[in-house]
$ cat target-v9.pdb   # PDB, C-alpha atoms and all ligand atoms
ATOM      1  CA  MET A   1       7.837 -19.205 -16.400
ATOM      2  CA  ARG A   2       6.748 -21.508 -13.606
ATOM      3  CA  LEU A   3       5.144 -19.993 -10.575
ATOM      4  CA  ASP A   4       7.955 -18.763  -8.399
ATOM      5  CA  ARG A   5       6.708 -19.725  -4.978
ATOM      6  CA  ARG A   6       9.313 -17.668  -3.211
ATOM      7  CA  SER A   7       8.296 -14.449  -4.965
ATOM      8  CA  LEU A   8       4.658 -15.260  -4.285
ATOM      9  CA  LEU A   9       5.402 -15.713  -0.605
ATOM     10  CA  THR A  10       7.577 -12.632  -0.462
ATOM     11  CA  GLY A  11       4.741 -10.668  -1.954
ATOM     12  CA  PHE A  12       2.387 -11.741   0.767
ATOM     13  CA  LEU A  13       4.994 -10.720   3.274
ATOM     14  CA  THR A  14       5.684  -7.411   1.580
ATOM     15  CA  ALA A  15       2.029  -6.725   1.884
ATOM     16  CA  ALA A  16       2.296  -7.220   5.618
ATOM     17  CA  ALA A  17       4.850  -4.447   5.786
ATOM     18  CA  ALA A  18       2.832  -2.144   3.556
ATOM     19  CA  SER A  19       0.389  -0.986   6.181
ATOM     20  CA  ALA A  20      -0.988   2.488   5.770
ATOM     21  CA  LEU A  21      -4.128   4.259   6.891
ATOM     22  CA  PRO A  22      -6.920   2.044   8.172
ATOM     23  CA  VAL A  23     -10.180   2.971   6.470
ATOM     24  CA  GLY A  24     -12.796   1.046   8.414
ATOM     25  CA  HIS A  25     -16.343   2.203   8.017
ATOM     26  CA  ALA A  26     -19.910   1.194   8.639
ATOM     27  CA  VAL A  27     -22.861   1.821   6.359
ATOM     28  CA  ALA A  28     -26.554   1.259   6.800
ATOM     29  CA  GLN A  29     -28.024  -1.683   4.928
ATOM     30  CA  GLY A  30     -31.368  -3.317   4.381
ATOM     31  CA  GLY A  31     -33.198  -5.008   7.232
ATOM     32  CA  GLY A  32     -31.849  -2.435   9.671
ATOM     33  CA  LEU A  33     -28.662  -4.463  10.056
ATOM     34  CA  ARG A  34     -25.538  -2.450   9.425
ATOM     35  CA  THR A  35     -22.431  -3.795   7.732
ATOM     36  CA  GLY A  36     -18.871  -2.619   8.271
ATOM     37  CA  ARG A  37     -15.433  -3.134   6.835
ATOM     38  CA  TYR A  38     -11.872  -2.754   8.049
ATOM     39  CA  THR A  39      -9.146  -2.376   5.469
ATOM     40  CA  TYR A  40      -6.140  -0.201   4.716
ATOM     41  CA  GLU A  41      -4.562   1.492   1.730
ATOM     42  CA  GLY A  42      -1.586   0.280  -0.240
ATOM     43  CA  LEU A  43      -0.118  -2.986  -1.439
ATOM     44  CA  GLY A  44      -1.827  -6.098  -0.196
ATOM     45  CA  THR A  45      -4.930  -4.376   1.084
ATOM     46  CA  VAL A  46      -7.511  -6.934   2.237
ATOM     47  CA  ASN A  47     -10.943  -6.662   3.838
ATOM     48  CA  THR A  48     -12.357  -7.769   7.150
ATOM     49  CA  HIS A  49     -16.138  -7.438   6.888
ATOM     50  CA  TRP A  50     -18.801  -7.610   9.556
ATOM     51  CA  VAL A  51     -22.569  -7.459   9.737
ATOM     52  CA  GLU A  52     -24.872  -6.910  12.686
ATOM     53  CA  THR A  53     -27.106  -9.743  13.840
ATOM     54  CA  PRO A  54     -30.709  -9.269  14.990
ATOM     55  CA  GLY A  55     -29.657 -10.622  18.412
ATOM     56  CA  GLY A  56     -27.279  -7.732  19.036
ATOM     57  CA  GLY A  57     -24.012  -9.337  17.959
ATOM     58  CA  LEU A  58     -21.824  -9.413  14.849
ATOM     59  CA  VAL A  59     -20.813 -11.934  12.231
ATOM     60  CA  VAL A  60     -17.273 -11.322  10.915
ATOM     61  CA  VAL A  61     -16.051 -12.417   7.478
ATOM     62  CA  ASP A  62     -12.266 -12.963   7.093
ATOM     63  CA  VAL A  63      -9.652 -11.878   9.591
ATOM     64  CA  GLN A  64      -6.533 -10.421   7.930
ATOM     65  CA  ARG A  65      -3.117 -11.485   6.767
ATOM     66  CA  ASP A  66      -0.958 -10.846   9.842
ATOM     67  CA  LEU A  67      -1.252 -10.013  13.515
ATOM     68  CA  THR A  68      -0.651  -6.281  13.035
ATOM     69  CA  HIS A  69      -3.648  -5.866  10.755
ATOM     70  CA  ALA A  70      -5.721  -8.410  12.658
ATOM     71  CA  ARG A  71      -5.291  -6.308  15.827
ATOM     72  CA  GLU A  72      -6.448  -3.218  13.933
ATOM     73  CA  ALA A  73      -9.421  -5.103  12.507
ATOM     74  CA  LEU A  74     -10.272  -6.396  15.978
ATOM     75  CA  ALA A  75     -10.153  -2.849  17.358
ATOM     76  CA  ALA A  76     -12.556  -1.715  14.611
ATOM     77  CA  VAL A  77     -14.896  -4.593  15.466
ATOM     78  CA  ARG A  78     -14.705  -3.830  19.194
ATOM     79  CA  ALA A  79     -15.595  -0.214  18.449
ATOM     80  CA  THR A  80     -19.059  -1.366  17.388
ATOM     81  CA  GLY A  81     -19.689  -2.377  21.008
ATOM     82  CA  ARG A  82     -21.167  -5.687  19.866
ATOM     83  CA  PRO A  83     -19.871  -9.192  20.605
ATOM     84  CA  VAL A  84     -18.731 -11.388  17.726
ATOM     85  CA  ARG A  85     -21.044 -14.397  17.424
ATOM     86  CA  ALA A  86     -19.332 -16.063  14.468
ATOM     87  CA  ILE A  87     -16.332 -15.741  12.167
ATOM     88  CA  LEU A  88     -16.592 -17.013   8.590
ATOM     89  CA  VAL A  89     -13.449 -17.716   6.540
ATOM     90  CA  THR A  90     -14.027 -17.556   2.783
ATOM     91  CA  HIS A  91     -10.956 -19.456   1.552
ATOM     92  CA  GLY A  92      -7.512 -20.766   2.438
ATOM     93  CA  HIS A  93      -5.250 -17.889   1.458
ATOM     94  CA  PRO A  94      -3.426 -16.476   4.482
ATOM     95  CA  ASP A  95      -4.604 -12.895   4.047
ATOM     96  CA  HIS A  96      -8.034 -14.175   5.140
ATOM     97  CA  TYR A  97      -7.341 -16.492   8.108
ATOM     98  CA  VAL A  98      -4.232 -15.466  10.054
ATOM     99  CA  GLY A  99      -6.145 -13.432  12.676
ATOM    100  CA  LEU A 100      -8.583 -16.216  13.569
ATOM    101  CA  GLY A 101      -6.916 -17.080  16.879
ATOM    102  CA  LEU A 102      -6.720 -13.422  17.887
ATOM    103  CA  PHE A 103     -10.454 -12.913  17.258
ATOM    104  CA  LYS A 104     -11.363 -16.151  19.041
ATOM    105  CA  GLU A 105      -9.283 -15.139  22.043
ATOM    106  CA  ALA A 106     -11.172 -11.845  22.185
ATOM    107  CA  PHE A 107     -14.570 -13.518  21.671
ATOM    108  CA  PRO A 108     -14.270 -17.106  22.974
ATOM    109  CA  ALA A 109     -17.950 -17.864  22.372
ATOM    110  CA  ALA A 110     -17.710 -17.042  18.654
ATOM    111  CA  GLU A 111     -18.318 -19.941  16.273
ATOM    112  CA  THR A 112     -15.669 -20.322  13.568
ATOM    113  CA  TRP A 113     -16.782 -21.620  10.174
ATOM    114  CA  SER A 114     -15.203 -22.588   6.847
ATOM    115  CA  SER A 115     -15.389 -25.274   4.198
ATOM    116  CA  PRO A 116     -13.461 -28.489   4.960
ATOM    117  CA  THR A 117     -11.103 -27.722   2.049
ATOM    118  CA  THR A 118     -10.284 -24.313   3.509
ATOM    119  CA  ARG A 119      -9.700 -25.822   6.974
ATOM    120  CA  ASP A 120      -7.442 -28.530   5.509
ATOM    121  CA  THR A 121      -5.515 -25.965   3.450
ATOM    122  CA  ILE A 122      -4.735 -23.955   6.578
ATOM    123  CA  ARG A 123      -3.921 -27.070   8.628
ATOM    124  CA  ASP A 124      -1.737 -28.710   5.965
ATOM    125  CA  ASP A 125      -0.112 -25.447   4.858
ATOM    126  CA  THR A 126      -0.945 -26.456   1.295
ATOM    127  CA  TYR A 127       0.624 -23.346  -0.242
ATOM    128  CA  GLY A 128       3.621 -23.237   2.104
ATOM    129  CA  PHE A 129       2.659 -19.769   3.326
ATOM    130  CA  ASN A 130       2.533 -20.547   7.020
ATOM    131  CA  ALA A 131       6.027 -21.975   7.298
ATOM    132  CA  PHE A 132       7.429 -19.165   5.183
ATOM    133  CA  MET A 133       5.779 -16.375   7.147
ATOM    134  CA  ARG A 134       6.787 -17.869  10.504
ATOM    135  CA  ARG A 135      10.392 -17.667   9.351
ATOM    136  CA  ALA A 136      10.122 -14.302   7.642
ATOM    137  CA  ALA A 137       7.906 -12.421  10.106
ATOM    138  CA  PRO A 138       7.914 -14.432  13.321
ATOM    139  CA  GLY A 139       6.529 -11.593  15.421
ATOM    140  CA  ASP A 140       3.630 -10.991  13.078
ATOM    141  CA  PHE A 141       2.433 -14.552  12.582
ATOM    142  CA  PRO A 142       0.883 -16.858  15.199
ATOM    143  CA  ASP A 143       3.014 -19.725  16.534
ATOM    144  CA  ARG A 144      -0.032 -21.932  16.207
ATOM    145  CA  LEU A 145      -2.853 -21.173  13.822
ATOM    146  CA  LEU A 146      -6.386 -21.654  15.027
ATOM    147  CA  LEU A 147      -8.378 -23.763  12.582
ATOM    148  CA  PRO A 148     -12.060 -23.142  11.836
ATOM    149  CA  GLU A 149     -13.990 -25.522  14.094
ATOM    150  CA  ARG A 150     -17.320 -25.802  12.305
ATOM    151  CA  MET A 151     -17.465 -27.238   8.809
ATOM    152  CA  LEU A 152     -19.810 -25.991   6.112
ATOM    153  CA  ALA A 153     -21.576 -28.482   3.892
ATOM    154  CA  PRO A 154     -21.466 -27.571   0.171
ATOM    155  CA  GLU A 155     -24.987 -26.175   0.552
ATOM    156  CA  GLN A 156     -25.876 -25.096   4.044
ATOM    157  CA  THR A 157     -27.976 -22.448   5.722
ATOM    158  CA  VAL A 158     -26.987 -21.508   9.259
ATOM    159  CA  GLU A 159     -28.763 -19.271  11.756
ATOM    160  CA  ILE A 160     -26.393 -17.148  13.795
ATOM    161  CA  ASP A 161     -27.964 -14.980  16.493
ATOM    162  CA  GLY A 162     -31.035 -14.430  14.342
ATOM    163  CA  LEU A 163     -29.074 -13.838  11.135
ATOM    164  CA  THR A 164     -29.693 -16.269   8.288
ATOM    165  CA  VAL A 165     -26.503 -17.109   6.376
ATOM    166  CA  VAL A 166     -26.864 -19.093   3.154
ATOM    167  CA  ALA A 167     -23.472 -20.673   2.479
ATOM    168  CA  ARG A 168     -22.459 -22.221  -0.849
ATOM    169  CA  GLU A 169     -19.236 -23.949  -1.862
ATOM    170  CA  MET A 170     -18.181 -22.356  -5.148
ATOM    171  CA  GLY A 171     -15.209 -24.644  -5.830
ATOM    172  CA  LYS A 172     -11.747 -23.993  -7.169
ATOM    173  CA  ALA A 173     -11.269 -20.616  -8.824
ATOM    174  CA  GLU A 174      -8.992 -17.951  -7.341
ATOM    175  CA  ALA A 175      -8.067 -20.452  -4.621
ATOM    176  CA  ASN A 176      -8.614 -24.206  -4.230
ATOM    177  CA  SER A 177     -11.995 -23.575  -2.595
ATOM    178  CA  ALA A 178     -14.259 -20.570  -2.170
ATOM    179  CA  SER A 179     -17.252 -20.111   0.089
ATOM    180  CA  ALA A 180     -19.921 -17.525  -0.686
ATOM    181  CA  PHE A 181     -22.216 -16.232   2.053
ATOM    182  CA  TYR A 182     -25.575 -14.665   1.243
ATOM    183  CA  LEU A 183     -27.785 -12.873   3.759
ATOM    184  CA  PRO A 184     -31.389 -13.015   2.516
ATOM    185  CA  GLN A 185     -32.559 -10.609   5.247
ATOM    186  CA  THR A 186     -30.383  -7.787   3.939
ATOM    187  CA  GLY A 187     -29.376  -8.718   0.376
ATOM    188  CA  ASP A 188     -25.663  -8.723   1.205
ATOM    189  CA  LEU A 189     -23.381 -11.217  -0.544
ATOM    190  CA  TYR A 190     -19.880 -12.019   0.755
ATOM    191  CA  VAL A 191     -17.711 -13.670  -1.865
ATOM    192  CA  GLY A 192     -14.103 -13.591  -0.676
ATOM    193  CA  ASP A 193     -11.732 -13.372  -3.636
ATOM    194  CA  LEU A 194     -14.218 -14.581  -6.237
ATOM    195  CA  VAL A 195     -14.673 -10.848  -6.742
ATOM    196  CA  LEU A 196     -11.875  -8.310  -6.453
ATOM    197  CA  HIS A 197     -13.037  -4.751  -6.926
ATOM    198  CA  ARG A 198     -10.616  -2.799  -9.118
ATOM    199  CA  MET A 199      -7.821  -5.171  -8.115
ATOM    200  CA  HIS A 200      -5.622  -7.419 -10.229
ATOM    201  CA  GLY A 201      -6.561 -11.080 -10.016
ATOM    202  CA  LEU A 202      -4.414 -14.050  -9.098
ATOM    203  CA  PHE A 203      -4.559 -16.765 -11.760
ATOM    204  CA  VAL A 204      -2.055 -19.229 -10.313
ATOM    205  CA  GLU A 205      -4.662 -21.962  -9.778
ATOM    206  CA  GLU A 206      -4.973 -22.391 -13.576
ATOM    207  CA  ALA A 207      -8.724 -22.291 -13.121
ATOM    208  CA  THR A 208     -10.081 -19.201 -14.872
ATOM    209  CA  THR A 209     -12.679 -21.345 -16.673
ATOM    210  CA  GLU A 210     -13.938 -22.502 -13.275
ATOM    211  CA  TRP A 211     -13.766 -18.919 -11.969
ATOM    212  CA  LEU A 212     -15.984 -17.645 -14.790
ATOM    213  CA  ALA A 213     -18.404 -20.506 -14.139
ATOM    214  CA  ALA A 214     -18.468 -19.573 -10.455
ATOM    215  CA  LEU A 215     -19.391 -15.984 -11.368
ATOM    216  CA  ASP A 216     -22.221 -17.352 -13.536
ATOM    217  CA  ARG A 217     -23.425 -19.444 -10.609
ATOM    218  CA  LEU A 218     -23.286 -16.491  -8.211
ATOM    219  CA  ALA A 219     -25.453 -14.487 -10.571
ATOM    220  CA  VAL A 220     -28.217 -17.098 -10.565
ATOM    221  CA  LEU A 221     -27.802 -18.799  -7.206
ATOM    222  CA  PHE A 222     -29.030 -16.106  -4.890
ATOM    223  CA  SER A 223     -32.261 -14.214  -5.168
ATOM    224  CA  GLY A 224     -31.147 -10.736  -6.001
ATOM    225  CA  PRO A 225     -28.248  -9.665  -3.803
ATOM    226  CA  ARG A 226     -28.093  -5.893  -3.574
ATOM    227  CA  VAL A 227     -24.516  -5.473  -2.464
ATOM    228  CA  VAL A 228     -21.429  -7.588  -3.096
ATOM    229  CA  HIS A 229     -18.659  -7.475  -0.504
ATOM    230  CA  PRO A 230     -15.377  -8.521  -2.161
ATOM    231  CA  GLY A 231     -12.282  -9.939  -0.518
ATOM    232  CA  HIS A 232     -10.319  -6.926  -1.714
ATOM    233  CA  GLY A 233     -11.577  -3.472  -2.675
ATOM    234  CA  ALA A 234     -14.740  -1.565  -1.868
ATOM    235  CA  SER A 235     -18.193  -3.130  -1.628
ATOM    236  CA  GLY A 236     -20.638  -2.180  -4.374
ATOM    237  CA  PRO A 237     -23.678  -3.034  -6.506
ATOM    238  CA  THR A 238     -23.922  -6.682  -7.525
ATOM    239  CA  ALA A 239     -24.080  -6.261 -11.299
ATOM    240  CA  GLU A 240     -21.186  -3.809 -11.344
ATOM    241  CA  LEU A 241     -18.880  -5.975  -9.256
ATOM    242  CA  LEU A 242     -19.718  -9.332 -10.875
ATOM    243  CA  GLY A 243     -19.520  -7.730 -14.321
ATOM    244  CA  GLY A 244     -16.225  -6.052 -13.501
ATOM    245  CA  GLN A 245     -14.640  -9.298 -12.357
ATOM    246  CA  ARG A 246     -15.897 -11.124 -15.423
ATOM    247  CA  ASP A 247     -14.497  -8.391 -17.675
ATOM    248  CA  TYR A 248     -11.117  -8.574 -15.990
ATOM    249  CA  ILE A 249     -10.827 -12.351 -16.411
ATOM    250  CA  VAL A 250     -12.131 -12.419 -19.993
ATOM    251  CA  THR A 251      -9.876  -9.525 -21.037
ATOM    252  CA  ALA A 252      -6.745 -10.919 -19.365
ATOM    253  CA  ARG A 253      -7.419 -14.306 -20.955
ATOM    254  CA  ALA A 254      -7.863 -12.749 -24.384
ATOM    255  CA  ILE A 255      -4.608 -10.827 -24.085
ATOM    256  CA  ALA A 256      -2.775 -13.943 -22.867
ATOM    257  CA  ALA A 257      -4.347 -16.034 -25.646
ATOM    258  CA  ASP A 258      -3.216 -13.522 -28.245
ATOM    259  CA  GLU A 259       0.395 -13.613 -27.062
ATOM    260  CA  PHE A 260       0.288 -17.388 -26.527
ATOM    261  CA  ALA A 261      -0.919 -17.977 -30.072
ATOM    262  CA  ARG A 262       1.788 -15.732 -31.488
ATOM    263  CA  SER A 263       4.813 -16.962 -29.576
ATOM    264  CA  GLY A 264       3.821 -19.692 -27.140
ATOM    265  CA  GLY A 265       4.450 -19.499 -23.444
ATOM    266  CA  THR A 266       7.818 -17.783 -23.678
ATOM    267  CA  GLU A 267       9.210 -15.444 -21.063
ATOM    268  CA  GLU A 268       8.947 -12.561 -23.533
ATOM    269  CA  ALA A 269       5.287 -13.344 -24.148
ATOM    270  CA  ARG A 270       4.625 -13.494 -20.419
ATOM    271  CA  VAL A 271       6.193 -10.077 -19.933
ATOM    272  CA  ARG A 272       4.109  -8.653 -22.799
ATOM    273  CA  VAL A 273       0.920 -10.051 -21.278
ATOM    274  CA  ALA A 274       1.741  -8.503 -17.914
ATOM    275  CA  ARG A 275       2.422  -5.130 -19.538
ATOM    276  CA  ARG A 276      -0.755  -5.155 -21.626
ATOM    277  CA  VAL A 277      -2.983  -6.237 -18.726
ATOM    278  CA  THR A 278      -1.437  -3.618 -16.443
ATOM    279  CA  GLU A 279      -2.012  -0.922 -19.078
ATOM    280  CA  ARG A 280      -5.563  -2.055 -19.790
ATOM    281  CA  PHE A 281      -6.457  -2.000 -16.089
ATOM    282  CA  ALA A 282      -4.471   1.073 -15.099
ATOM    283  CA  GLY A 283      -5.121   2.140 -11.538
ATOM    284  CA  TYR A 284      -6.054  -1.345 -10.345
ATOM    285  CA  GLY A 285      -4.653  -2.329  -6.957
ATOM    286  CA  PHE A 286      -2.539  -5.294  -5.902
ATOM    287  CA  PRO A 287      -4.373  -7.461  -3.395
ATOM    288  CA  ALA A 288      -1.419  -9.677  -2.587
ATOM    289  CA  GLY A 289       1.175  -6.949  -2.567
ATOM    290  CA  LEU A 290       3.113  -8.885  -5.178
ATOM    291  CA  PRO A 291       5.333  -6.650  -7.281
ATOM    292  CA  ASP A 292       4.864  -9.019 -10.218
ATOM    293  CA  LEU A 293       1.368 -10.265  -9.450
ATOM    294  CA  VAL A 294       0.221  -9.719 -13.031
ATOM    295  CA  GLY A 295       3.285 -11.530 -14.373
ATOM    296  CA  LEU A 296       2.623 -14.500 -12.104
ATOM    297  CA  SER A 297      -0.963 -14.534 -13.283
ATOM    298  CA  ALA A 298       0.184 -14.425 -16.920
ATOM    299  CA  ALA A 299       2.342 -17.484 -16.238
ATOM    300  CA  GLY A 300      -0.671 -19.167 -14.648
ATOM    301  CA  LEU A 301      -2.778 -18.461 -17.750
ATOM    302  CA  PHE A 302      -0.095 -19.937 -20.009
ATOM    303  CA  ARG A 303       0.029 -23.082 -17.857
ATOM    304  CA  GLU A 304      -3.757 -23.291 -17.974
ATOM    305  CA  PHE A 305      -3.725 -22.977 -21.778
ATOM    306  CA  ASP A 306      -1.086 -25.723 -21.929
ATOM    307  CA  ARG A 307      -3.214 -28.277 -20.100
ATOM    308  CA  PRO A 308      -4.892 -31.040 -22.069
ATOM    309  CA  GLY A 309      -8.450 -30.170 -22.926
ATOM    310  CA  ARG A 310      -7.893 -26.470 -22.325
ATOM    311  CA  GLY A 311      -6.652 -23.892 -24.716
ATOM    312  CA  PRO A 312      -6.862 -20.165 -25.007
ATOM    313  CA  ALA A 313     -10.262 -20.015 -26.695
ATOM    314  CA  ARG A 314     -13.445 -20.071 -24.684
TER     315      ARG A 314
HETATM  316 ZN    ZN A 401      -7.152 -12.439  -0.706
END
$ encode --input "target-v9.pdb" --output "C-alpha cells"
Amino acid sequence: MRLDRRSLLTGFLTAAAASALPVGHAVAQGGGLRTGRYTYEGLGTVNTHWVETPGGGLVVVDVQRDLTHAREALAAVRATGRPVRAILVTHGHPDHYVGLGLFKEAFPAAETWSSPTTRDTIRDDTYGFNAFMRRAAPGDFPDRLLLPERMLAPEQTVEIDGLTVVAREMGKAEANSASAFYLPQTGDLYVGDLVLHRMHGLFVEEATTEWLAALDRLAVLFSGPRVVHPGHGASGPTAELLGGQRDYIVTARAIAADEFARSGGTEEARVRVARRVTERFAGYGFPAGLPDLVGLSAAGLFREFDRPGRGPAR
C-alpha cells in the first residue's frame, strides 16, 4: 500500500475533533526553573511544553495542532503569570506549529525559532496539511500561518532571558527535520517527535535507520539530560524514554521484516504487521489520531525496505 495522503490528513483532522480533558501541569525541576506541559487525552494528543527562564519569563516548545487546542494551551501558559520570551518549534508537522500566530499575537515580543527546513516545510506546505485543514476545518485553522522568524543553525546555543538553550539539528527521522533543545542549567531535553512516550510511531518518512541513529546521537550529544520531554506522551527519565523509543522502532522493524521476508510488501502482510505491532504495544496511544496509523507506518516500513541499499536487516 502506498501512503494514502487523504487518510493521513483526515487523521490529523480527526484528532482536532477528539478534544477531551486538558491535563496541563507544572512540576519542579533542577536549577529552580519549573517546567510545564499542556496536553489532553484521546486521539491525537500532543504536547505544548514550557520552561521558566531566570529572567522571569517562559520559553514555549511547540504550539498545538489547531486553534481550539492552541487557545487552551495559551490559557495554561497565561496561568503561569509569566510572559513568553520565545517559542521553539521542533519540526514541520502541523500538530506542532498551527498555534504560532495565536501565541505571537498574545506575546508580540516573543522570539520564534525553528530550523530552516521546518520553516520551509510550513511555508511550502510540503505535506499538504495546511491546504487540507483550511478546507476541512476552516474555523479551526489560521487563514495565514505565522512562520518562525529566527533560524537555528545546525549547532547553535542561544540565550533567552537568562536560559541557555543548546539546539541541535537531528535530521530526517519521524519528520523531514527535527530539532532537539537541551537546557544545561536544568538537565531538560526537548525532542519533539524523536521520542513518543507510549505512543505509536509514524514511519512514513521511510527513515527508521536515520531515526535510530538520531536516538544514538541524542544519547551521546548532551551531557546527561535528566528528563526527556517528548512531542507526545508524558515526560520522563532519559534512559527510559530513549530506550522505549528505540525498542518500539526495532521491534516494529523486526515484525515488518519478518512479514516482508515471508510474503513481500503485500496488503495482507501490511495488515498482519499492523495487527502484530498493535498487539505487541497494547495500550499505546495514537499521536496523530489516525485510525490506521500503525498500518500507514507498516506501509512506510515496506517502502523503506524496498529502497536500494536498504533492506529489512539492520
Ligand atoms: Zn507530532
$ atom_distance --input "target-v9.pdb" --atom1 "atom CA of Ile160 of chain A" --atom2 "atom CA of Gly233 of chain A"
26.0 Å
$ atom_distance --input "target-v9.pdb" --atom1 "atom CA of Leu100 of chain A" --atom2 "atom CA of Arg119 of chain A"
11.7 Å
$ residues_around --input "target-v9.pdb" --residues "Gly265 of chain A" --least-positions-apart "3" --cutoff "9 Å" --atoms "only C-alpha atoms" --output "mmCIF file with C-alpha atoms, keeping the file's coordinate frame"
data_model
loop_
_atom_site.group_PDB
_atom_site.id
_atom_site.type_symbol
_atom_site.label_atom_id
_atom_site.label_comp_id
_atom_site.auth_asym_id
_atom_site.auth_seq_id
_atom_site.Cartn_x
_atom_site.Cartn_y
_atom_site.Cartn_z
ATOM 1 C CA MET A 1 7.837 -19.205 -16.400
ATOM 2 C CA GLU A 259 0.395 -13.613 -27.062
ATOM 3 C CA PHE A 260 0.288 -17.388 -26.527
ATOM 4 C CA ALA A 261 -0.919 -17.977 -30.072
ATOM 5 C CA GLU A 268 8.947 -12.561 -23.533
ATOM 6 C CA ALA A 269 5.287 -13.344 -24.148
ATOM 7 C CA ARG A 270 4.625 -13.494 -20.419
ATOM 8 C CA ALA A 299 2.342 -17.484 -16.238
ATOM 9 C CA PHE A 302 -0.095 -19.937 -20.009
ATOM 10 C CA ARG A 303 0.029 -23.082 -17.857
ATOM 11 C CA ASP A 306 -1.086 -25.723 -21.929
#
$ residues_near_ligand --input "target-v9.pdb" --ligand "ligand ZN 401 (chain A)" --cutoff "6 Å" --atoms "all atoms listed in the file" --output "PyMOL selection string"
chain A and resi 95+193+231
$ resolve_selection --input "target-v9.pdb" --expression "the PyMOL selection byres (((chain A and resi 154) around 10) and not hetatm)" --output "PyMOL selection string"
chain A and resi 115-116+151-153+155-157+167-171+179
$ atom_distance --input "target-v9.pdb" --atom1 "atom CA of Ala234 of chain A" --atom2 "atom CA of Gly42 of chain A"
13.4 Å
$ resolve_selection --input "target-v9.pdb" --expression "the PyMOL selection byres (((chain A and resi 208) around 8) and not hetatm)" --output "VMD selection string"
chain A and resid 173 to 174 203 205 to 207 209 to 212 249 301
$ resolve_selection --input "target-v9.pdb" --expression "the PyMOL selection byres (((chain A and resi 285) around 12) and not hetatm)" --output "PyMOL selection string"
chain A and resi 15+40-46+196-202+232-234+278+281-284+286-291+293-294
$ residues_around --input "target-v9.pdb" --residues "Pro148 of chain A" --least-positions-apart "3" --cutoff "6 Å" --atoms "all atoms listed in the file" --output "MDAnalysis selection string"
chainID A and resid 112:114
$ closest_atom_pairs --input "target-v9.pdb" --of "segment 117-200 of chain A" --to "segment 69-79 of chain A" --cutoff "12 Å" --atoms "all atoms listed in the file" --output "tab-separated table"
residue	atom	partner	partner_atom	distance
A:Asp140	CA	A:His69	CA	9.2
A:Phe141	CA	A:Ala70	CA	10.2
A:Pro142	CA	A:Ala70	CA	11.0
$ write_last_selection --input "target-v9.pdb" --atoms "C-alpha atoms" --output "PDB file, in the coordinates of the input"
ATOM      1  CA  ASP A 140       3.630 -10.991  13.078  1.00  0.00           C
ATOM      2  CA  PHE A 141       2.433 -14.552  12.582  1.00  0.00           C
ATOM      3  CA  PRO A 142       0.883 -16.858  15.199  1.00  0.00           C
TER       4      PRO A 142
END
$ axis_aligned_box --input "target-v9.pdb" --around "segment 147-158 of chain A" --padding-each-side "8 Å" --output "AutoDock Vina command-line options"
--center_x -18.2 --center_y -25.0 --center_z 7.1 --size_x 35.6 --size_y 23.0 --size_z 29.9
$ residues_near_point --input "target-v9.pdb" --point "(-29.7, -12.3, 17.4)" --cutoff "12 Å" --atoms "all atoms listed in the file" --output "PyMOL selection string"
chain A and resi 33+51-59+82-86+159-164
$ closest_residue --input "target-v9.pdb" --among "A:Thr251, A:Ser235, A:Thr48, A:Gln245" --to "Val61 of chain A" --atoms "all atoms listed in the file"
A:Thr48
$ closest_atom_pairs --input "target-v9.pdb" --of "segment 77-192 of chain A" --to "segment 216-222 of chain A" --cutoff "10 Å" --atoms "all atoms listed in the file" --output "Markdown table"
| residue | atom | partner | partner_atom | distance |
| --- | --- | --- | --- | --- |
| A:Val166 | CA | A:Phe222 | CA | 8.8 |
| A:Arg168 | CA | A:Leu221 | CA | 9.0 |
| A:Met170 | CA | A:Arg217 | CA | 8.1 |
| A:Ala180 | CA | A:Leu218 | CA | 8.3 |
| A:Phe181 | CA | A:Phe222 | CA | 9.7 |
| A:Tyr182 | CA | A:Phe222 | CA | 7.2 |
| A:Leu183 | CA | A:Phe222 | CA | 9.3 |
| A:Pro184 | CA | A:Phe222 | CA | 8.4 |
| A:Gly187 | CA | A:Phe222 | CA | 9.1 |
| A:Leu189 | CA | A:Phe222 | CA | 8.6 |
| A:Val191 | CA | A:Leu218 | CA | 8.9 |
$ decode --input "target-v9.pdb" --residues "segment 218-224 of chain A" --atoms "N, CA, C and O atoms" --output "short mmCIF file (atom, residue, chain, number, x, y, z; two decimals), in the first residue's frame"
data_model
loop_
_atom_site.label_atom_id
_atom_site.label_comp_id
_atom_site.auth_asym_id
_atom_site.auth_seq_id
_atom_site.Cartn_x
_atom_site.Cartn_y
_atom_site.Cartn_z
N LEU A 218 21.41 11.46 20.29
CA LEU A 218 20.85 12.14 21.47
C LEU A 218 21.50 11.63 22.75
O LEU A 218 21.78 12.39 23.67
N ALA A 219 21.74 10.31 22.76
CA ALA A 219 22.27 9.69 23.97
C ALA A 219 23.69 10.14 24.28
O ALA A 219 24.11 10.11 25.44
N VAL A 220 24.43 10.55 23.26
CA VAL A 220 25.82 10.94 23.49
C VAL A 220 26.07 12.45 23.34
O VAL A 220 27.10 12.94 23.76
N LEU A 221 25.12 13.14 22.76
CA LEU A 221 25.34 14.54 22.39
C LEU A 221 25.31 15.47 23.59
O LEU A 221 26.08 16.43 23.68
N PHE A 222 24.41 15.19 24.51
CA PHE A 222 24.20 16.11 25.61
C PHE A 222 24.71 15.50 26.90
O PHE A 222 24.62 14.29 27.10
N SER A 223 25.23 16.35 27.76
CA SER A 223 25.88 15.83 28.96
C SER A 223 24.85 15.53 30.03
O SER A 223 24.55 16.35 30.89
N GLY A 224 24.28 14.35 29.92
CA GLY A 224 23.44 13.82 30.97
C GLY A 224 22.12 14.50 31.22
O GLY A 224 21.86 14.99 32.32
#
